[in-house]
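Next comes run19.cif, with mmCIF, C-alpha atoms.
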data_structure
loop_
_atom_site.label_atom_id
_atom_site.label_comp_id
_atom_site.auth_asym_id
_atom_site.auth_seq_id
_atom_site.Cartn_x
_atom_site.Cartn_y
_atom_site.Cartn_z
CA MET I 1 -17.17 -12.75 -22.05
CA THR I 2 -14.98 -11.61 -24.97
CA GLY I 3 -11.31 -10.66 -24.58
CA MET I 4 -12.22 -6.99 -24.97
CA GLU I 5 -14.87 -7.23 -22.26
CA ARG I 6 -12.34 -8.87 -19.95
CA LEU I 7 -9.88 -6.05 -20.58
CA ILE I 8 -12.61 -3.51 -19.78
CA ILE I 9 -13.32 -5.26 -16.46
CA ILE I 10 -9.59 -5.24 -15.60
CA GLY I 11 -9.44 -1.57 -16.66
CA MET I 12 -12.36 -0.74 -14.35
CA VAL I 13 -10.67 -2.46 -11.41
CA LEU I 14 -7.46 -0.57 -12.20
CA LEU I 15 -9.36 2.73 -12.49
CA GLY I 16 -11.13 2.14 -9.17
CA THR I 17 -7.84 1.31 -7.43
CA LEU I 18 -6.09 4.38 -8.87
CA LEU I 19 -9.00 6.60 -7.82
CA THR I 20 -8.94 5.42 -4.20
CA ARG I 21 -5.17 5.85 -3.99
CA PHE I 22 -4.77 9.25 -5.67
CA LEU I 23 -7.97 11.02 -4.63
CA PRO I 24 -6.85 12.17 -1.14
CA PHE I 25 -3.71 13.74 -2.62
CA LEU I 26 -5.79 15.58 -5.23
CA VAL I 27 -8.51 16.72 -2.82
CA PHE I 28 -6.24 17.73 0.08
CA PRO I 29 -3.14 19.04 -1.67
CA THR I 30 -1.51 21.03 1.13
CA GLY I 31 -2.80 19.77 4.43
CA LYS I 32 -6.34 21.07 3.96
CA PRO I 33 -8.40 19.83 6.94
CA VAL I 34 -10.24 16.53 6.40
CA PRO I 35 -14.03 16.84 6.93
CA PRO I 36 -15.34 15.03 10.04
CA TYR I 37 -17.77 12.91 7.96
CA ILE I 38 -14.85 11.50 5.91
CA ARG I 39 -12.86 10.81 9.08
CA TYR I 40 -15.92 9.05 10.53
CA LEU I 41 -16.26 6.86 7.43
CA GLY I 42 -12.56 6.08 7.69
CA ARG I 43 -13.19 4.60 11.10
CA VAL I 44 -16.41 2.67 10.52
CA LEU I 45 -16.36 1.66 6.85
CA PRO I 46 -13.58 -0.99 6.93
CA GLY I 47 -15.41 -3.32 9.33
CA ALA I 48 -18.64 -3.13 7.34
CA VAL I 49 -16.88 -3.65 4.01
CA PHE I 50 -14.94 -6.68 5.29
CA GLY I 51 -18.23 -8.13 6.57
CA MET I 52 -19.78 -7.59 3.15
CA LEU I 53 -16.81 -9.29 1.47
CA VAL I 54 -17.17 -12.37 3.66
CA ILE I 55 -20.80 -12.65 2.53
CA TYR I 56 -19.70 -12.04 -1.07
CA CYS I 57 -17.33 -15.01 -0.85
CA LEU I 58 -20.07 -17.25 0.56
CA LYS I 59 -22.79 -16.13 -1.85
CA ASP I 60 -22.66 -19.19 -4.13
CA ILE I 61 -23.11 -21.86 -1.46
CA GLN I 62 -25.95 -24.23 -2.43
CA TRP I 63 -27.66 -24.72 0.92
CA LEU I 64 -30.23 -27.16 -0.45
CA GLN I 65 -27.90 -29.38 -2.48
CA SER I 66 -25.29 -32.00 -1.53
CA GLY I 67 -23.07 -30.76 1.25
CA HIS I 68 -25.55 -28.06 2.38
CA GLY I 69 -22.72 -25.62 2.97
CA LEU I 70 -21.03 -27.97 5.46
CA PRO I 71 -17.54 -27.97 3.77
CA GLU I 72 -17.56 -24.17 3.88
CA LEU I 73 -18.80 -23.90 7.46
CA LEU I 74 -16.33 -26.51 8.75
CA SER I 75 -13.42 -24.85 6.93
CA LEU I 76 -14.49 -21.46 8.29
CA GLY I 77 -14.25 -22.99 11.74
CA VAL I 78 -10.72 -24.18 10.97
CA VAL I 79 -9.70 -20.70 9.74
CA LEU I 80 -11.10 -18.97 12.83
CA GLY I 81 -9.70 -21.61 15.18
CA LEU I 82 -6.19 -21.41 13.72
CA GLN I 83 -6.30 -17.62 13.65
CA SER I 84 -7.32 -17.29 17.31
CA TRP I 85 -4.78 -19.93 18.31
CA ARG I 86 -1.64 -18.82 16.44
CA ARG I 87 -2.59 -15.49 14.80
CA GLN I 88 -0.51 -16.41 11.75
CA MET I 89 -2.53 -15.16 8.80
CA LEU I 90 -0.84 -17.42 6.23
CA LEU I 91 -1.19 -20.51 8.41
CA SER I 92 -4.92 -19.87 8.90
CA ILE I 93 -5.50 -19.30 5.18
CA ALA I 94 -3.48 -22.37 4.17
CA GLY I 95 -5.08 -24.60 6.82
CA GLY I 96 -8.64 -23.54 5.99
CA THR I 97 -8.09 -23.92 2.25
CA ALA I 98 -6.48 -27.36 2.64
CA CYS I 99 -9.39 -28.46 4.84
CA HIS I 100 -11.90 -27.24 2.26
CA MET I 101 -10.09 -29.01 -0.60
CA LEU I 102 -9.98 -32.30 1.33
CA LEU I 103 -13.66 -32.03 2.23
CA VAL I 104 -14.94 -31.30 -1.29
CA GLN I 105 -12.59 -33.79 -2.97
CA TYR I 106 -12.92 -36.79 -0.67
CA ILE I 107 -15.96 -36.47 1.57
CA PHE I 108 -18.78 -34.44 0.02
CA MET E 1 27.44 10.81 -2.42
CA LYS E 2 24.03 10.23 -3.93
CA VAL E 3 24.68 6.57 -4.80
CA GLU E 4 25.79 5.87 -1.22
CA MET E 5 22.62 7.49 0.09
CA ILE E 6 20.45 5.36 -2.18
CA LYS E 7 22.31 2.17 -1.21
CA LYS E 8 21.90 3.01 2.45
CA ALA E 9 18.16 3.54 2.07
CA PHE E 10 17.93 0.15 0.35
CA ARG E 11 19.87 -1.61 3.12
CA VAL E 12 17.58 -0.14 5.77
CA ALA E 13 14.38 -0.76 3.82
CA PHE E 14 15.01 -4.36 2.75
CA PRO E 15 14.74 -6.10 6.16
CA TYR E 16 11.34 -4.50 6.71
CA THR E 17 10.06 -6.21 3.58
CA VAL E 18 11.26 -9.78 4.28
CA PRO E 19 8.05 -10.89 6.04
CA ILE E 20 6.08 -9.34 3.17
CA PHE E 21 8.18 -11.41 0.76
CA ALA E 22 7.04 -14.65 2.41
CA GLY E 23 3.43 -13.52 2.51
CA PHE E 24 3.32 -12.13 -1.02
CA TRP E 25 4.94 -15.18 -2.55
CA PHE E 26 2.50 -17.47 -0.81
CA LEU E 27 -0.55 -15.39 -1.71
CA GLY E 28 0.82 -14.40 -5.14
CA LEU E 29 1.55 -18.03 -6.05
CA THR E 30 -1.88 -19.05 -4.82
CA TYR E 31 -3.45 -16.21 -6.80
CA GLY E 32 -1.64 -17.29 -9.97
CA ILE E 33 -2.65 -20.95 -9.48
CA PHE E 34 -6.20 -19.86 -8.64
CA MET E 35 -6.42 -17.89 -11.90
CA HIS E 36 -4.98 -20.83 -13.82
CA ALA E 37 -7.54 -23.16 -12.24
CA ALA E 38 -10.27 -20.71 -13.27
CA GLY E 39 -9.09 -21.07 -16.89
CA PHE E 40 -6.96 -17.94 -17.37
CA SER E 41 -3.55 -17.80 -19.06
CA PHE E 42 -0.61 -16.61 -16.94
CA TRP E 43 -0.85 -13.24 -18.70
CA TYR E 44 -3.88 -12.36 -16.60
CA PRO E 45 -2.33 -12.68 -13.12
CA ALA E 46 0.93 -11.16 -14.44
CA LEU E 47 -0.78 -8.14 -15.97
CA MET E 48 -3.10 -7.58 -13.02
CA SER E 49 -0.47 -8.00 -10.30
CA LEU E 50 1.75 -5.53 -12.13
CA THR E 51 -0.88 -2.86 -12.90
CA ILE E 52 -3.59 -3.15 -10.23
CA PHE E 53 -1.30 -4.23 -7.36
CA ALA E 54 -4.07 -4.61 -4.81
CA GLY E 55 -4.26 -8.24 -3.71
CA SER E 56 -7.76 -8.57 -2.34
CA VAL E 57 -9.42 -6.90 -5.31
CA GLU E 58 -7.36 -9.01 -7.73
CA PHE E 59 -8.84 -12.17 -6.23
CA LEU E 60 -12.27 -10.59 -6.67
CA THR E 61 -11.67 -10.03 -10.40
CA VAL E 62 -11.94 -13.81 -10.92
CA PRO E 63 -15.69 -14.02 -10.22
CA MET E 64 -16.09 -10.68 -12.05
CA LEU E 65 -14.38 -12.06 -15.17
CA LEU E 66 -16.32 -15.32 -15.05
CA GLY E 67 -19.75 -13.80 -14.39
CA PRO E 68 -21.87 -11.65 -16.71
CA PHE E 69 -20.20 -8.52 -18.17
CA ALA E 70 -20.85 -5.83 -15.52
CA PRO E 71 -18.20 -3.07 -15.71
CA LEU E 72 -20.00 -0.58 -13.45
CA SER E 73 -20.49 -3.19 -10.76
CA ALA E 74 -16.77 -4.07 -11.08
CA LEU E 75 -15.89 -0.40 -10.56
CA ALA E 76 -18.29 -0.10 -7.61
CA ILE E 77 -16.90 -3.22 -5.90
CA THR E 78 -13.33 -1.95 -6.40
CA LEU E 79 -14.19 1.46 -4.97
CA MET E 80 -15.80 -0.10 -1.91
CA VAL E 81 -13.11 -2.73 -1.31
CA ASN E 82 -10.32 -0.21 -1.80
CA ALA E 83 -12.11 2.63 0.01
CA ARG E 84 -9.67 2.05 2.87
CA HIS E 85 -6.90 3.37 0.61
CA LEU E 86 -8.59 6.77 0.79
CA PHE E 87 -7.83 6.76 4.47
CA TYR E 88 -4.30 5.48 3.99
CA GLY E 89 -3.82 8.40 1.62
CA ILE E 90 -5.18 10.86 4.15
CA SER E 91 -2.70 9.47 6.69
CA MET E 92 0.23 9.75 4.26
CA LEU E 93 -0.44 13.30 3.01
CA GLU E 94 2.33 14.66 5.22
CA LYS E 95 4.79 11.77 4.95
CA PHE E 96 4.87 11.73 1.15
CA ARG E 97 5.53 15.47 0.95
CA GLY E 98 8.87 16.44 -0.58
CA THR E 99 9.60 13.06 -2.14
CA GLY E 100 9.77 14.55 -5.66
CA TRP E 101 9.33 12.26 -8.66
CA LYS E 102 8.95 9.27 -6.37
CA LYS E 103 5.69 10.59 -4.95
CA PRO E 104 3.35 9.40 -7.77
CA TYR E 105 4.82 5.90 -7.54
CA LEU E 106 4.55 5.89 -3.73
CA ILE E 107 0.84 6.70 -4.08
CA TYR E 108 0.35 4.23 -6.93
CA GLY E 109 1.97 1.35 -5.01
CA MET E 110 0.33 2.07 -1.64
CA CYS E 111 -1.04 -1.42 -0.93
CA ASP E 112 -1.94 -2.38 2.65
CA GLU E 113 1.54 -3.76 3.39
CA SER E 114 3.52 -0.84 1.91
CA PHE E 115 1.28 1.55 3.80
CA SER E 116 1.71 -0.35 7.07
CA ILE E 117 5.51 -0.28 6.82
CA ASN E 118 5.86 3.28 5.55
CA PHE E 119 3.39 4.59 8.09
CA THR E 120 4.86 2.86 11.13
CA ALA E 121 8.62 2.41 10.36
CA HIS E 122 11.07 4.48 12.40
CA ILE E 123 13.37 5.68 9.65
CA PRO E 124 16.78 6.77 11.02
CA ALA E 125 17.48 10.47 10.54
CA GLU E 126 20.48 9.85 8.26
CA VAL E 127 18.41 7.75 5.84
CA ASP E 128 16.54 9.47 3.03
CA ARG E 129 12.81 8.99 3.72
CA GLY E 130 11.79 9.21 0.08
CA TRP E 131 14.19 6.50 -1.07
CA PHE E 132 13.34 4.31 1.95
CA MET E 133 9.62 4.40 1.15
CA PHE E 134 10.37 3.99 -2.55
CA PHE E 135 12.30 0.76 -1.95
CA VAL E 136 9.67 -0.63 0.43
CA THR E 137 7.00 -0.03 -2.19
CA LEU E 138 9.10 -1.30 -5.11
CA LEU E 139 10.25 -4.48 -3.33
CA ASN E 140 6.68 -5.33 -2.30
CA HIS E 141 5.56 -4.70 -5.88
CA ILE E 142 8.26 -7.05 -7.21
CA TYR E 143 7.39 -9.80 -4.67
CA TRP E 144 3.73 -9.67 -5.58
CA PHE E 145 4.33 -9.61 -9.35
CA THR E 146 6.86 -12.47 -9.39
CA GLY E 147 4.70 -14.58 -7.07
CA ALA E 148 1.61 -14.16 -9.25
CA LEU E 149 3.60 -14.72 -12.46
CA LEU E 150 5.17 -17.93 -11.11
CA GLY E 151 1.79 -19.15 -9.86
CA GLY E 152 0.21 -18.51 -13.26
CA LEU E 153 3.05 -20.37 -15.00
CA CYS E 154 3.33 -23.25 -12.53
CA GLY E 155 -0.42 -23.75 -12.56
CA ALA E 156 0.05 -25.38 -15.97
CA TRP E 157 2.68 -27.85 -14.70
CA LEU E 158 1.14 -28.67 -11.35
CA HIS E 159 -1.31 -31.44 -12.02
CA PHE E 160 -3.30 -31.72 -8.85
CA ASN E 161 -6.99 -31.50 -8.21
CA THR E 162 -7.71 -27.85 -7.57
CA ALA E 163 -11.36 -28.34 -6.58
CA GLY E 164 -11.98 -26.31 -3.45
CA LEU E 165 -8.94 -24.06 -3.91
CA ASP E 166 -11.25 -21.08 -4.43
CA PHE E 167 -11.77 -21.14 -0.67
CA VAL E 168 -8.44 -19.29 -0.36
CA MET E 169 -10.25 -16.01 -1.07
CA THR E 170 -12.92 -16.70 1.53
CA ALA E 171 -10.28 -17.65 4.10
CA MET E 172 -8.34 -14.46 3.40
CA PHE E 173 -11.32 -12.18 3.91
CA VAL E 174 -12.47 -14.07 7.00
CA VAL E 175 -9.03 -13.57 8.56
CA ILE E 176 -9.02 -9.87 7.63
CA PHE E 177 -12.54 -9.47 9.05
CA PHE E 178 -11.54 -11.33 12.22
CA GLU E 179 -8.37 -9.28 12.78
CA ASN E 180 -10.26 -6.04 12.18
CA TRP E 181 -12.95 -7.28 14.61
CA ARG E 182 -10.34 -7.89 17.33
CA GLN E 183 -9.10 -4.32 17.04
CA GLU E 184 -12.53 -2.71 17.12
CA GLU E 185 -13.79 -1.00 20.24
CA ARG E 186 -17.34 -1.72 19.17
CA HIS E 187 -18.51 -4.14 16.53
CA GLU E 188 -21.52 -2.22 15.34
CA SER E 189 -20.36 -1.47 11.80
CA SER E 190 -18.95 -4.99 11.25
CA LEU E 191 -22.31 -6.43 12.26
CA TRP E 192 -24.18 -3.98 10.02
CA GLY E 193 -21.91 -5.02 7.16
CA LEU E 194 -22.70 -8.73 7.66
CA GLY E 195 -26.41 -8.19 8.33
CA ILE E 196 -27.17 -5.79 5.48
CA SER E 197 -25.28 -8.01 3.03
CA VAL E 198 -27.18 -11.16 4.07
CA VAL E 199 -30.54 -9.36 3.74
CA SER E 200 -29.51 -7.95 0.37
CA LEU E 201 -28.35 -11.42 -0.80
CA VAL E 202 -31.68 -12.98 0.16
CA VAL E 203 -33.71 -10.18 -1.45
CA PHE E 204 -31.73 -9.54 -4.66
CA GLY E 205 -29.92 -12.87 -5.24
CA ALA E 206 -26.24 -13.71 -5.67
CA GLY E 207 -25.79 -11.84 -8.97
CA HIS E 208 -27.19 -8.47 -7.93
CA PHE E 209 -26.78 -8.00 -4.20
CA ILE E 210 -23.51 -6.04 -3.98
CA ILE E 211 -24.65 -2.56 -5.01
CA PRO E 212 -27.82 -2.55 -2.85
CA ALA E 213 -25.70 -3.85 0.03
CA MET E 214 -23.15 -1.04 -0.41
CA LEU E 215 -25.83 1.64 -0.59
CA GLY E 216 -27.47 0.14 2.47
CA ILE E 217 -24.17 0.15 4.40
CA LEU E 218 -23.39 3.76 3.48
CA GLY E 219 -26.94 4.81 4.33
CA VAL E 220 -27.06 3.03 7.69
CA LEU E 221 -23.58 4.18 8.75
CA THR E 222 -24.48 7.78 7.85
CA TRP E 223 -27.73 7.48 9.81
CA ARG E 224 -25.88 5.93 12.76
CA ARG E 225 -23.40 8.81 12.74
CA GLY E 226 -26.26 11.21 13.37
CA ARG E 227 -27.56 8.99 16.15
CA ARG E 228 -24.16 8.55 17.77
CA GLU E 229 -23.52 12.28 17.61
CA MET E 230 -26.84 12.90 19.33
CA GLU E 231 -25.86 10.42 22.02
CA GLY E 232 -22.76 12.53 22.52
CA GLU E 233 -20.42 9.74 21.52
CA LEU E 234 -18.63 11.42 18.64
CA VAL E 235 -17.69 14.70 20.23
CA LYS E 236 -14.19 14.81 18.77
#

Written form, structure tokens:
Amino acid sequence: MTGMERLIIIGMVLLGTLLTRFLPFLVFPTGKPVPPYIRYLGRVLPGAVFGMLVIYCLKDIQWLQSGHGLPELLSLGVVLGLQSWRRQMLLSIAGGTACHMLLVQYIF
Amino acid sequence: MKVEMIKKAFRVAFPYTVPIFAGFWFLGLTYGIFMHAAGFSFWYPALMSLTIFAGSVEFLTVPMLLGPFAPLSALAITLMVNARHLFYGISMLEKFRGTGWKKPYLIYGMCDESFSINFTAHIPAEVDRGWFMFFVTLLNHIYWFTGALLGGLCGAWLHFNTAGLDFVMTAMFVVIFFENWRQEERHESSLWGLGISVVSLVVFGAGHFIIPAMLGILGVLTWRRGRREMEGELVK
């Protein structure tokens, strides 16, 4: 990818972020009622999008090659275990990442 | 005195942001190091943390910048990932009213953490709401920017094996998914999100599965709304 193409990608991400932040204030300027369909999406969309993002992060696992996804699955277990135990987001992220780095660097 | 009023708003706002400071420096540093490990100069994390200021989507720009040039897909992913901001905005319509010139910046800097504080904080009556929210947003913005900048710079000096560090993004989204899951009354849409994405990944492959997955999610959730209304569940 050229430098210009990279800037375009960053610009697109910036544009998308600006759109999602400013749109409600442009569409509902003075307390216009929010349509029920939009309110419904506000309730159900986050869970589905987070689920999709988890799959997005795992999309490049090579299930048939060395490791067979084991470093990822074990580290996922560490993340979920730490999070249900202590509920400290940073601890869970740091612990899972450290586990993954150890596994791919020394074991698999 | 106007200056006194501004100082007071700062003194009240600052303590709210201290936990965010710890979190943003950790994640910002990691983000900067992550970008360095992916082969980017510190200008990239610095520029993106300053302008985009949306952590999760900034991590996602790394695979976008390393993969094939796909600007529309980048826009679509950003819109879907940040779609929650639409609902933050809807919640803040009233609270941001009357904040004058600070309002555009309050909207611009409305990341998850700034929203959470500004939406839930009990601001004392004698403190100016506009300045309070302005300082919360600005401080968070500064924490995130300096963390990412330092990470991008230090990445060059830290000589350790970064293989496997990319898991930080996976871990972050798994924790977010898990926390959202715990707060849900029913897990239907989370499960649809996982299921539709896996099917789409198998059918379309790693490079092309996101847009079909998003369309599938929107379609199924819209269809389910009709069903749930018929079952009398969504009366409100």

When the PyMOL selection byres ((chain I) within 7 of (chain E)) is applied to the structure above, which residues does it catch, written out as a count of residues only?
42

So what do you get for CA of Ala156 in chain E versus CA of Val62 in chain E, distance-wise?
17.4 Å

For range 123-140 of chain E, what centre and edge lengths in Å (one decimal) does the axis-aligned box get once 8 Å is added on each side of all its listed atoms, as AutoDock Vina command-line options?
--center_x 13.6 --center_y 2.6 --center_z 3.0 --size_x 29.8 --size_y 31.8 --size_z 32.1
